[in-house]
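Engineer: Below you'll find the structure I mean.
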Amino acid sequence: MCTLCTWQLPPKNISLSGDIVHVWRAELDQTVQMRERLAAVLSEDELQRAEGFYLDRDRHRFIVGRGILRTILARYLNKEAREIKFCYGCRGKPALANSNKQLYFNVSHSGGIALYAIAHKREVGIDIEQIREMPDAVAIATQFFSERENAALYALPAEQRLQAFFHAWTRKEAYLKAKGDGLAQPLNSVEVSLAPGEPAQLLRIDGSPAAASRWALADINPAPGFAAALATEAGNFSLAYWQWQS
């Protein structure tokens with residue numbers, strides 16, 4: 001799947017079918033006025049969660065990110081953002097409560113950018129990471145990557161390994177988030193492609209190519225210096241990229 005993303009403003013009346021997945025991008029560092037507007041649509045428990053953050057930046061980004069999620073979902077559900085209710089799976093994956101529209105969603109954020117994946121009648125997971133120097137990348141890869149992935153990683157030129165590491169990490173996380181397993185399933189049991197220029201692909205799950213074939217991966221380019229990936233149930237689908245604005 002093409003990884004070139006063109007982020008556009010969404011139409012006023014937005015709709016979603018089973019063969020398309022919408023990806024929204026938003027900046028989490030907003031003005032005080034916008035943050036207050038978004039805080040006004042949050043539930044009491046979300047506001048309490050926000051108060052649990054020690055750093056102001058993290059608290060503000062949580063408020064903005066959660067408020068934006070509500071405003072996005074409200075467009076598909078034709079509801080007021082504050083009316084939306086969530087439930088959570090056994091591993092903490094959020095879902096819509098009391099919704100008959102079979103709308104699935106997933107959220108990830110890093111470095112002040114949030115991505116929201118919205119799908120109809122198909123599970124979806126998304127992950128974003130800001131690419132940064134990691135002195136312990138070797139130790140992390142040894143622990144969380146499979147033997148084949150580690151061999152592929154260290155066959156690359158040294159200058160390509162960091163980006164490949166983050167591509168692999170986001171692809172694995174996107175799949176686990178789509179499944180709702182979090183880290184209950186070991187990361188090294190999920191094998192993905194990782195070489196620069198190689199299409200995003202799930203290769204094996206618990207050693208099984210057949211299990212991996214039931215899922216599809218796509219790379220997302222949210223901004224320079226970031227890696228991101230989306231996972232969804234296999235089948236024909238396309239992606240649309242929307243830029244959130246107030």
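Identifiers in this document derive from the order of the structure tokens: chains are assigned A, B, ..., residues are numbered from 1 separately in each chain, and ligands are numbered from 1 in order of occurrence.
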Do a neighbour search on region 221-231 of chain A at 10 Å with only C-alpha atoms, toss out local chain neighbours closer than 4 positions, and write the hits as a ChimeraX atom specification.

Structural biologist: /A:3-7,21,23-26,106,108-111,113-117,123-132,163-179,200-202,215-217,239,241

Engineer: If you count only C-alpha atoms, which residues fall within 12 Å of region 87-100 of chain A, apart from same-chain ones fewer than 2 positions away, as a ChimeraX atom specification?

Structural biologist: /A:66,69-70,73-74,76-79,83-85,102-108,118-121,123-126,176-185

Engineer: Please write the residues from the selection above to a file, keeping C-alpha atoms, as a short mmCIF file (atom, residue, chain, number, x, y, z; two decimals), in the first residue's frame.

Structural biologist:
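Output saved as out39.cif:
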data_model
loop_
_atom_site.label_atom_id
_atom_site.label_comp_id
_atom_site.auth_asym_id
_atom_site.auth_seq_id
_atom_site.Cartn_x
_atom_site.Cartn_y
_atom_site.Cartn_z
CA ARG A 66 -9.25 13.03 24.47
CA LEU A 69 -11.19 12.03 19.91
CA ARG A 70 -14.68 12.95 21.09
CA LEU A 73 -16.31 10.43 16.81
CA ALA A 74 -19.18 12.88 17.19
CA TYR A 76 -19.56 9.98 12.56
CA LEU A 77 -22.22 9.36 15.21
CA ASN A 78 -24.16 12.62 14.76
CA LYS A 79 -23.95 13.21 18.49
CA GLU A 83 -22.62 12.56 24.99
CA ILE A 84 -20.24 9.85 23.80
CA LYS A 85 -19.63 7.01 26.24
CA GLN A 102 -20.22 -0.76 14.53
CA LEU A 103 -17.62 1.97 14.52
CA TYR A 104 -14.13 0.93 15.59
CA PHE A 105 -11.32 3.30 16.54
CA ASN A 106 -7.83 3.45 17.96
CA VAL A 107 -5.56 6.27 19.12
CA SER A 108 -1.82 6.84 19.49
CA ILE A 118 -11.59 5.12 12.46
CA ALA A 119 -13.03 2.03 10.75
CA HIS A 120 -16.42 0.45 10.04
CA LYS A 121 -17.01 -3.18 10.98
CA GLU A 123 -10.81 -3.97 14.06
CA VAL A 124 -8.09 -1.39 13.75
CA GLY A 125 -4.92 -0.41 15.60
CA ILE A 126 -2.52 2.48 15.13
CA LEU A 176 -1.25 -5.71 19.12
CA LYS A 177 -3.50 -2.69 19.56
CA ALA A 178 -5.83 -3.91 16.82
CA LYS A 179 -6.07 -7.24 18.63
CA GLY A 180 -6.58 -5.49 21.95
CA ASP A 181 -3.84 -7.60 23.55
CA GLY A 182 -1.46 -4.85 24.60
CA LEU A 183 1.75 -6.49 25.75
CA ALA A 184 -0.07 -9.66 26.81
CA GLN A 185 1.28 -11.21 23.60
#

Engineer: Could you go through region 11-216 of chain A and tell me which residues DSSP, when run on the backbone, assigns to strand (DSSP E or B), listing them as a PyMOL selection string?

Structural biologist: chain A and resi 20-27+86-88+94-96+103-110+113-120+124-130+190-192+202-205+208+215-216

Engineer: Between A:Ala81, A:Leu194, A:Ala234, A:Ala141, which residue has the minimum interatomic distance to Ala210 (chain A), considering only C-alpha atoms?

Structural biologist: A:Ala234

Engineer: Rounded to one decimal in Å, what is the spacing between CA of Arg148 (chain A) and CA of Glu191 (chain A)?

Structural biologist: 8.1 Å

Engineer: For Gln30 (chain A), which of A:Gln245, A:Phe237, A:Tyr54, A:Leu47 is the closest residue, counting only C-alpha atoms?

Structural biologist: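 For Gln30 (chain A), the nearest of the candidates is A:Gln245.
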
Engineer: What does the distance between CA of Asn150 (chain A) and CA of Val138 (chain A) come to in Å, to one decimal place?

Structural biologist: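 Calculated distance between CA of Asn150 (chain A) and CA of Val138 (chain A) is 9.0 Å.
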
Engineer: What is the CA of Gln160 (chain A)-CA of Ile205 (chain A) distance in Å, reported with one decimal?

Structural biologist: 25.0 Å

Engineer: Kindly indicate which residue among A:Phe86, A:Pro10, A:His22, A:Arg57 lies nearest to Asp45 (chain A), using only C-alpha atoms for the distances.

Structural biologist: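 Among the listed residues, A:Phe86 lies closest to Asp45 (chain A).
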
Engineer: For each of A:Pro199, A:Glu233, A:Arg49, A:Asp58, take the minimum atom-to-atom distance to Ser213 (chain A), counting only C-alpha atoms, then give the residue where this is smallest.

Structural biologist: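 With only C-alpha atoms as the atom set, the closest residue is A:Glu233.
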
Engineer: Using only C-alpha atoms, which protein or nucleic acid residues come within 10 Å of Ala155 (chain A)? Drop anything in the same chain fewer than 6 positions from it, and give the result as a compact mmCIF listing (two decimals) with N, CA and C atoms, in the first residue's frame.

Structural biologist:
# COMPACT_ATOMS: atom_id res chain seq x y z
N GLU A 149 14.09 -11.06 12.81
CA GLU A 149 14.04 -9.60 12.76
C GLU A 149 15.39 -8.99 13.16
N ARG A 161 19.57 1.62 10.67
CA ARG A 161 19.01 0.74 11.70
C ARG A 161 18.01 1.43 12.62
N ALA A 195 12.92 -3.50 6.73
CA ALA A 195 13.95 -2.85 5.93
C ALA A 195 13.40 -1.62 5.24

Engineer: Under the rule that only C-alpha atoms are counted, which of A:Val190, A:Leu9, A:Ile14, A:Ile20 is the nearest residue to Gln243 (chain A)?

Structural biologist: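 Closest candidate: A:Leu9.
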
Engineer: Which residue, A:Leu187, A:Val192, A:Leu38, A:Ala139, has the smallest gap to Gly65 (chain A) when you use only C-alpha atoms?

Structural biologist: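 Smallest separation from Gly65 (chain A) among the options: A:Leu38.
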
Engineer: What are the DSSP alpha helix (DSSP H) residues of region 120-191 of chain A, as number ranges by chain?

Structural biologist: A: 137-144, 147-154, 158-179
